[in-house]
$ cat query-v3.cif   # mmCIF, C-alpha atoms and all ligand atoms
data_structure
#
loop_
_atom_site.label_atom_id
_atom_site.label_comp_id
_atom_site.auth_asym_id
_atom_site.auth_seq_id
_atom_site.Cartn_x
_atom_site.Cartn_y
_atom_site.Cartn_z
CA MET A 6 74.11 55.07 -138.99
CA GLN A 7 70.52 54.01 -138.32
CA PHE A 8 67.74 56.23 -139.60
CA PRO A 9 64.11 55.91 -138.44
CA ASN A 10 62.64 52.54 -139.39
CA TYR A 11 59.94 54.05 -141.61
CA PHE A 12 60.15 55.31 -145.18
CA ALA A 13 61.46 58.89 -145.34
CA ASP A 14 58.76 61.55 -144.93
CA ALA A 15 56.01 58.89 -144.55
CA GLU A 16 54.74 60.61 -141.45
CA ALA A 17 50.98 60.86 -142.05
CA SER A 18 48.59 58.86 -139.87
CA PHE A 19 46.79 55.92 -141.48
CA GLU A 20 43.53 57.88 -141.50
CA ALA A 21 45.01 61.02 -143.05
CA ALA A 22 47.15 59.23 -145.64
CA SER A 23 46.32 58.84 -149.33
CA PHE A 24 49.17 56.35 -149.75
CA ILE A 25 49.81 53.33 -147.54
CA LEU A 26 53.32 52.03 -147.90
CA PHE A 27 53.92 48.52 -146.54
CA GLY A 28 56.73 46.00 -146.54
CA VAL A 29 56.27 42.37 -147.54
CA PRO A 30 59.49 40.71 -146.36
CA TYR A 31 58.78 37.42 -148.10
CA GLU A 32 61.35 35.27 -149.77
CA LYS A 33 60.56 31.64 -150.25
CA THR A 34 60.28 31.30 -153.98
CA SER A 35 63.54 32.85 -155.19
CA SER A 36 65.34 30.57 -157.57
CA PHE A 37 68.95 31.76 -157.45
CA ARG A 38 70.17 34.11 -154.70
CA HIS A 39 68.52 34.65 -151.35
CA GLY A 40 67.88 37.70 -149.19
CA ALA A 41 64.95 39.61 -150.73
CA ASP A 42 63.17 39.43 -147.36
CA LYS A 43 65.75 41.94 -146.09
CA ALA A 44 64.73 44.50 -148.71
CA PRO A 45 61.92 46.45 -146.99
CA SER A 46 64.16 47.62 -144.15
CA GLU A 47 67.12 48.35 -146.46
CA VAL A 48 64.97 50.35 -148.90
CA ARG A 49 63.49 52.29 -145.98
CA GLN A 50 66.97 53.12 -144.68
CA ALA A 51 68.09 54.14 -148.19
CA SER A 52 65.08 56.45 -148.56
CA TRP A 53 66.58 58.84 -146.00
CA ASN A 54 69.33 59.64 -148.48
CA PHE A 55 67.17 62.03 -150.49
CA GLU A 56 66.31 65.71 -150.22
CA ARG A 57 62.69 66.43 -149.43
CA PHE A 58 62.28 68.66 -152.46
CA ASP A 59 62.00 66.98 -155.84
CA LEU A 60 63.24 69.37 -158.50
CA ARG A 61 61.67 67.40 -161.35
CA THR A 62 58.10 67.74 -160.09
CA GLY A 63 58.47 70.75 -157.79
CA ILE A 64 56.94 68.62 -155.02
CA ASP A 65 58.08 68.68 -151.42
CA TYR A 66 57.83 65.10 -150.20
CA GLN A 67 56.75 66.34 -146.79
CA ASP A 68 53.50 67.49 -148.42
CA ILE A 69 52.55 64.00 -149.68
CA PRO A 70 50.28 62.17 -147.23
CA VAL A 71 52.05 58.82 -146.92
CA HIS A 72 51.71 56.38 -144.04
CA ASP A 73 54.27 53.65 -143.51
CA TYR A 74 52.29 50.71 -142.17
CA GLY A 75 55.41 48.66 -141.42
CA ASP A 76 55.83 45.08 -142.56
CA LEU A 77 53.16 42.43 -143.01
CA ASP A 78 53.75 39.29 -140.97
CA VAL A 79 54.49 36.91 -143.81
CA GLN A 80 57.63 34.97 -142.89
CA LYS A 81 55.87 31.74 -141.95
CA LEU A 82 53.35 31.69 -144.78
CA ASN A 83 53.40 29.39 -147.76
CA SER A 84 53.04 31.05 -151.16
CA LYS A 85 49.27 30.47 -151.34
CA GLU A 86 48.75 31.96 -147.87
CA LEU A 87 50.87 34.93 -148.96
CA PHE A 88 48.59 35.41 -151.96
CA THR A 89 45.51 35.44 -149.69
CA LEU A 90 47.05 37.80 -147.14
CA GLY A 91 48.19 40.21 -149.86
CA LYS A 92 44.73 40.17 -151.37
CA ASN A 93 42.90 40.70 -148.06
CA PHE A 94 45.21 43.45 -146.86
CA THR A 95 44.99 45.32 -150.16
CA THR A 96 41.20 44.92 -150.22
CA THR A 97 41.06 46.68 -146.84
CA LEU A 98 43.18 49.55 -148.18
CA LEU A 99 41.09 49.93 -151.34
CA LYS A 100 37.85 50.05 -149.32
CA LYS A 101 39.32 53.03 -147.50
CA GLN A 102 40.35 54.69 -150.79
CA LYS A 103 44.06 54.25 -150.03
CA ILE A 104 46.71 53.82 -152.71
CA PRO A 105 48.89 50.77 -151.95
CA ILE A 106 52.67 51.00 -152.30
CA ALA A 107 54.36 47.69 -151.49
CA ILE A 108 58.01 46.89 -150.94
CA GLY A 109 58.91 43.20 -151.44
CA GLY A 110 60.09 40.63 -150.98
CA ASP A 111 60.32 38.48 -154.02
CA HIS A 112 57.94 38.93 -156.93
CA SER A 113 55.46 36.39 -155.60
CA ILE A 114 53.91 39.18 -153.49
CA THR A 115 52.32 40.86 -156.54
CA PRO A 116 49.45 38.61 -157.74
CA GLY A 117 47.67 38.70 -154.37
CA ILE A 118 47.82 42.50 -154.29
CA VAL A 119 46.57 42.77 -157.88
CA SER A 120 43.68 40.37 -157.15
CA ALA A 121 42.23 42.90 -154.71
CA PHE A 122 41.60 45.33 -157.58
CA PRO A 123 38.63 45.15 -159.99
CA ASN A 124 39.35 42.90 -162.96
CA ASP A 125 39.14 45.73 -165.49
CA ILE A 126 42.43 47.32 -164.42
CA ALA A 127 45.69 46.97 -166.32
CA VAL A 128 49.06 45.84 -165.02
CA LEU A 129 52.36 47.21 -166.23
CA SER A 130 55.27 44.97 -165.30
CA LEU A 131 58.88 46.07 -165.59
CA ASP A 132 60.92 42.92 -165.33
CA ALA A 133 63.93 41.18 -166.87
CA HIS A 134 61.94 37.94 -166.78
CA MET A 135 58.77 36.92 -168.51
CA ASP A 136 57.37 35.19 -165.37
CA PHE A 137 54.73 33.48 -167.47
CA ARG A 138 55.14 29.89 -166.33
CA GLN A 139 52.01 27.99 -165.39
CA GLU A 140 53.92 26.59 -162.42
CA TYR A 141 57.50 26.40 -161.22
CA LYS A 142 58.92 23.89 -158.75
CA HIS A 143 55.38 22.52 -158.28
CA ASP A 144 54.17 25.91 -157.10
CA ILE A 145 51.74 28.02 -159.15
CA TYR A 146 52.46 31.01 -156.87
CA ASN A 147 56.22 30.93 -157.47
CA HIS A 148 57.85 34.21 -158.52
CA ALA A 149 58.41 32.72 -161.97
CA CYS A 150 54.61 32.58 -162.48
CA VAL A 151 53.66 36.15 -161.56
CA ILE A 152 52.30 37.34 -164.90
CA ARG A 153 50.45 34.06 -165.41
CA ARG A 154 48.67 34.46 -162.04
CA ILE A 155 47.82 38.08 -162.85
CA ALA A 156 46.35 36.84 -166.13
CA ASP A 157 44.04 34.59 -164.08
CA HIS A 158 42.47 37.78 -162.71
CA ILE A 159 42.55 40.35 -165.52
CA PRO A 160 42.31 39.99 -169.31
CA ILE A 161 45.68 39.27 -170.87
CA LYS A 162 45.30 42.27 -173.20
CA ASN A 163 45.40 44.47 -170.08
CA ILE A 164 48.93 43.35 -169.22
CA ALA A 165 52.14 44.88 -170.56
CA VAL A 166 55.65 43.65 -169.78
CA LEU A 167 58.61 45.88 -170.60
CA GLY A 168 62.35 45.30 -170.45
CA LEU A 169 62.43 41.51 -170.40
CA ARG A 170 65.38 39.59 -171.72
CA SER A 171 64.90 36.16 -170.20
CA ALA A 172 62.31 33.45 -170.71
CA GLU A 173 62.17 29.74 -171.29
CA LYS A 174 61.12 28.64 -174.77
CA GLU A 175 57.78 27.18 -173.73
CA GLU A 176 56.56 30.17 -171.73
CA TYR A 177 57.75 32.54 -174.47
CA GLU A 178 55.79 30.70 -177.15
CA HIS A 179 52.77 30.41 -174.91
CA ALA A 180 52.84 34.13 -174.13
CA GLN A 181 52.95 34.89 -177.85
CA GLN A 182 50.07 32.50 -178.57
CA LEU A 183 47.93 34.08 -175.88
CA GLY A 184 48.73 37.58 -177.13
CA LEU A 185 50.70 38.93 -174.18
CA PHE A 186 51.94 42.46 -174.93
CA PHE A 187 55.65 42.58 -174.22
CA ARG A 188 58.64 44.51 -175.45
CA ASP A 189 62.04 43.06 -174.66
CA ALA A 190 65.09 45.11 -173.75
CA TYR A 191 66.72 44.49 -177.14
CA THR A 192 63.70 45.95 -178.94
CA ILE A 193 63.64 48.92 -176.57
CA ASN A 194 67.31 49.50 -177.37
CA GLU A 195 66.68 49.33 -181.12
CA LYS A 196 63.45 51.34 -181.36
CA GLY A 197 63.99 53.75 -178.49
CA MET A 198 62.18 54.07 -175.17
CA GLN A 199 59.78 56.79 -176.33
CA LYS A 200 58.52 54.67 -179.23
CA ILE A 201 57.91 51.70 -176.91
CA ILE A 202 56.17 53.94 -174.36
CA GLN A 203 53.82 55.14 -177.12
CA GLN A 204 53.00 51.57 -178.15
CA THR A 205 52.37 50.62 -174.53
CA GLN A 206 50.16 53.67 -174.01
CA THR A 207 48.07 52.56 -176.96
CA GLN A 208 47.79 49.06 -175.48
CA LEU A 209 46.75 50.32 -172.01
CA LYS A 210 44.75 53.35 -173.15
CA GLY A 211 42.03 54.51 -170.77
CA LYS A 212 42.89 51.91 -168.13
CA LYS A 213 43.79 52.34 -164.52
CA ILE A 214 47.21 50.77 -164.07
CA TYR A 215 48.94 48.88 -161.28
CA LEU A 216 52.72 49.07 -161.72
CA THR A 217 54.92 46.21 -160.59
CA LEU A 218 58.57 47.13 -160.70
CA ASP A 219 61.02 44.25 -160.47
CA ILE A 220 64.38 45.91 -159.83
CA ASP A 221 66.05 43.35 -162.11
CA VAL A 222 64.57 45.18 -165.12
CA VAL A 223 67.45 47.59 -164.54
CA ASP A 224 70.89 46.58 -165.74
CA PRO A 225 72.92 44.84 -163.02
CA ALA A 226 75.57 47.55 -163.45
CA TYR A 227 73.10 49.92 -161.76
CA ALA A 228 71.24 47.37 -159.64
CA PRO A 229 73.45 44.40 -158.80
CA GLY A 230 71.63 43.60 -155.57
CA THR A 231 68.90 41.37 -156.93
CA SER A 232 68.21 37.67 -156.73
CA THR A 233 68.33 36.84 -160.46
CA PRO A 234 70.53 39.45 -162.20
CA GLU A 235 70.25 39.60 -165.98
CA PRO A 236 72.66 41.72 -168.05
CA CYS A 237 71.65 44.16 -170.82
CA GLY A 238 68.88 45.86 -168.88
CA LEU A 239 67.28 49.29 -168.83
CA ASN A 240 69.00 52.26 -167.29
CA PRO A 241 67.44 54.15 -164.35
CA MET A 242 66.38 57.14 -166.49
CA GLN A 243 64.41 54.84 -168.81
CA VAL A 244 62.51 53.47 -165.81
CA ILE A 245 61.82 57.02 -164.62
CA ALA A 246 60.53 57.87 -168.12
CA ILE A 247 58.12 54.91 -167.97
CA ILE A 248 56.83 55.84 -164.52
CA GLU A 249 56.36 59.43 -165.66
CA ALA A 250 54.51 58.43 -168.84
CA PHE A 251 52.00 56.24 -166.99
CA SER A 252 51.69 58.21 -163.74
CA PRO A 253 48.28 59.73 -164.67
CA GLN A 254 46.86 56.19 -164.73
CA LEU A 255 48.62 54.65 -161.72
CA ILE A 256 46.52 53.29 -158.85
CA GLY A 257 49.21 51.44 -156.93
CA CYS A 258 52.66 49.96 -157.28
CA ASP A 259 55.23 47.64 -155.84
CA LEU A 260 58.99 47.32 -155.88
CA VAL A 261 60.28 43.76 -155.69
CA GLU A 262 63.40 41.58 -155.85
CA VAL A 263 65.89 43.92 -154.19
CA CYS A 264 68.33 41.53 -152.51
CA PRO A 265 70.48 43.36 -149.89
CA PRO A 266 73.09 40.62 -149.28
CA TYR A 267 74.27 41.17 -152.90
CA ASP A 268 74.07 44.95 -152.73
CA GLN A 269 76.53 47.62 -151.75
CA GLY A 270 73.68 50.03 -151.18
CA GLN A 271 73.14 51.27 -154.72
CA THR A 272 70.26 48.90 -155.50
CA ALA A 273 68.33 49.80 -152.35
CA VAL A 274 68.87 53.50 -152.99
CA LEU A 275 67.68 53.13 -156.60
CA GLY A 276 64.62 51.22 -155.39
CA ALA A 277 63.85 53.98 -152.89
CA LYS A 278 64.28 56.54 -155.68
CA PHE A 279 61.73 54.69 -157.83
CA ILE A 280 59.23 54.59 -154.97
CA LYS A 281 59.71 58.30 -154.33
CA THR A 282 59.25 58.95 -158.04
CA CYS A 283 55.97 57.01 -158.05
CA LEU A 284 54.75 58.84 -154.95
CA GLY A 285 55.68 62.25 -156.35
CA LEU A 286 54.19 61.72 -159.79
CA ILE A 287 50.97 60.04 -158.61
CA TRP A 288 50.49 62.79 -156.03
CA LYS A 289 51.05 65.46 -158.64
CA GLU A 290 48.15 63.97 -160.67
CA HIS A 291 45.89 63.59 -157.63
CA ARG A 292 46.51 67.09 -156.44
CA ALA A 293 45.99 68.62 -159.87
MN MN B 1 62.58 39.37 -162.55
#
$ encode --input "query-v3.cif" --output "C-alpha cells"
Amino acid sequence: MQFPNYFADAEASFEAASFILFGVPYEKTSSFRHGADKAPSEVRQASWNFERFDLRTGIDYQDIPVHDYGDLDVQKLNSKELFTLGKNFTTTLLKKQKIPIAIGGDHSITPGIVSAFPNDIAVLSLDAHMDFRQEYKHDIYNHACVIRRIADHIPIKNIAVLGLRSAEKEEYEHAQQLGLFFRDAYTINEKGMQKIIQQTQTQLKGKKIYLTLDIDVVDPAYAPGTSTPEPCGLNPMQVIAIIEAFSPQLIGCDLVEVCPPYDQGQTAVLGAKFIKTCLGLIWKEHRA
C-alpha cells in the first residue's frame, strides 16, 4: 500500500513550520552496499506506521509544525557540489529560523549541513564508524571523512562520537592525538549508557547541538538495512535515551545510511521512529 509521499503529519506550510524536513537522496560515496538514495522515500512511507499520539512525551504529532520540503535535487552532483548545496539550503532555512531535519542519503550529506551553522555549535554523531579519515578514495567529502570535515568547521572539542566500533588504525590514532571525544560501543556496554551520557553532557555542556544519526550505530539485528553493517551495536532504546538526554540542546538533526535494498522494512521504520522522537522531544522543549 502507498501512503502519501510526505512524512507522516508533516502537514504545515513552509511559512508556518518550525521544522523543515527534507530528503537528500544521495549515494555516491558508499563503500560497501548501495541503495541509500532510496531511503528518504522508504522512511517517509514507514513514518505512516505510527500513532499520532506519543505516550512518552504526551505530544500529539499533529500539533508539531513540520513541513516536508520533499527531496533536494542531488543525484547528479559530485560530493563537493553536494556539500555546497547542503550548506546553501540549510543557510536559507536558518535565516528563516527553521530547524532542519534531513533524511539521507549516505553520510556525506552531513558536513555541508553543519557548515551552515555558526562555528560555536557542537555536533553529536551516533555512528558505528569513526569517519575521521582525511580523505578516502581520493575524495575528502567521502562518507568515511564526515567527522574530519565537520572538524574543519567547528573546534574538535565540540564533537562527540558515540557507539563506534570500527576505525582504521591511522584515523583512530589521529583522532586520539587531536583529542576527539568518542566512546565506543564496547565501553558503553561496560560502563553503561547513563554513565556515558553524563560524560558526553559534560563535554558538550552549554552548547547548541546538531545531531547526526547514522543508523549503523544500531546493531544490525535491529537495523540490517544499512550500507556498512557492523555487529555489536547499540539497541534502539539506548539511542532514544541519547536523543532524550540531549534534546534540550538540539538545533537540527539528520538520519543517514538507511539502505532499503537490504531492509525488510524494520530499518526504515526504526529510522522514522528516531526522527519522530527528535521532532517530539525538540518540540517539547520549544513549546515549554
Ligand atoms: Mn557509519
$ closest_residue --input "query-v3.cif" --among "A:Asp14, A:Asp73, A:Glu235, A:Asp65" --to "A:Ala172" --atoms "only C-alpha atoms"
A:Glu235
$ closest_residue --input "query-v3.cif" --among "A:Met135, A:Leu129, A:Gln269, A:Ile155" --to "A:Ile247" --atoms "all atoms listed in the file"
A:Leu129
$ residues_near_ligand --input "query-v3.cif" --ligand "ligand MN 1 (chain B)" --cutoff "7 Å" --atoms "all atoms listed in the file" --output "PyMOL selection string"
chain A and resi 132-134+219+221-222+233
$ residues_around --input "query-v3.cif" --residues "stretch 54-64 of chain A" --least-positions-apart "6" --cutoff "9 Å" --atoms "all atoms listed in the file" --output "list in words"
Ala13, Asp14, Val274, Lys278, Thr282, Gly285, Leu286, Trp288 and Lys289 of chain A
$ closest_residue --input "query-v3.cif" --among "A:Gly109, A:Pro9, A:Pro30, A:Gly75" --to "A:Trp53" --atoms "all atoms listed in the file"
A:Pro9
$ residues_around --input "query-v3.cif" --residues "stretch 252-255 of chain A" --least-positions-apart "6" --cutoff "8 Å" --atoms "only C-alpha atoms" --output "list in words"
Gly211, Lys212, Lys213, Ile214, Tyr215, Leu216, Cys283, Leu286, Ile287 and Glu290 of chain A
$ closest_residue --input "query-v3.cif" --among "A:Gln139, A:Ser84, A:Ser23, A:Gln206" --to "A:Gly117" --atoms "all atoms listed in the file"
A:Ser84
$ atom_distance --input "query-v3.cif" --atom1 "atom CA of A:Thr272" --atom2 "atom CA of A:Leu209"
28.8 Å
$ closest_residue --input "query-v3.cif" --among "A:Tyr267, A:Phe187, A:Thr115, A:Ile245" --to "A:Pro225" --atoms "all atoms listed in the file"
A:Tyr267
$ closest_residue --input "query-v3.cif" --among "A:Gly276, A:Pro236, A:Pro229, A:Gly184" --to "A:Lys162" --atoms "all atoms listed in the file"
A:Gly184
$ atom_distance --input "query-v3.cif" --atom1 "atom CA of A:Pro45" --atom2 "atom CA of A:Glu173"
29.5 Å
$ residues_around --input "query-v3.cif" --residues "A:Lys33" --least-positions-apart "6" --cutoff "12 Å" --atoms "only C-alpha atoms" --output "VMD selection string"
chain A and resid 39 to 42 79 to 85 87 109 to 114 142 144 146 to 149 232 262
$ atom_distance --input "query-v3.cif" --atom1 "atom CA of A:Leu185" --atom2 "atom CA of A:Ala121"
21.6 Å
$ residues_around --input "query-v3.cif" --residues "A:Ser120" --least-positions-apart "6" --cutoff "9 Å" --atoms "all atoms listed in the file" --output "VMD selection string"
chain A and resid 88 91 to 92 95 to 96 155 158 to 159
$ write_last_selection --input "query-v3.cif" --atoms "C-alpha atoms" --output "PDB file, in the coordinates of the input"
ATOM      1  CA  PHE A  88      48.590  35.410-151.960  1.00  0.00           C
ATOM      2  CA  GLY A  91      48.190  40.210-149.860  1.00  0.00           C
ATOM      3  CA  LYS A  92      44.730  40.170-151.370  1.00  0.00           C
ATOM      4  CA  THR A  95      44.990  45.320-150.160  1.00  0.00           C
ATOM      5  CA  THR A  96      41.200  44.920-150.220  1.00  0.00           C
ATOM      6  CA  ILE A 155      47.820  38.080-162.850  1.00  0.00           C
ATOM      7  CA  HIS A 158      42.470  37.780-162.710  1.00  0.00           C
ATOM      8  CA  ILE A 159      42.550  40.350-165.520  1.00  0.00           C
TER       9      ILE A 159
END
$ residues_around --input "query-v3.cif" --residues "A:Asp136" --least-positions-apart "6" --cutoff "6 Å" --atoms "only C-alpha atoms" --output "ChimeraX atom specification"
/A:149-152
$ write_last_selection --input "query-v3.cif" --atoms "C-alpha atoms" --output "JSON list (two decimals), in the frame of the given file"
[["chain", "number", "residue", "atom", "x", "y", "z"],
["A", 149, "ALA", "CA", 58.41, 32.72, -161.97],
["A", 150, "CYS", "CA", 54.61, 32.58, -162.48],
["A", 151, "VAL", "CA", 53.66, 36.15, -161.56],
["A", 152, "ILE", "CA", 52.30, 37.34, -164.90]]
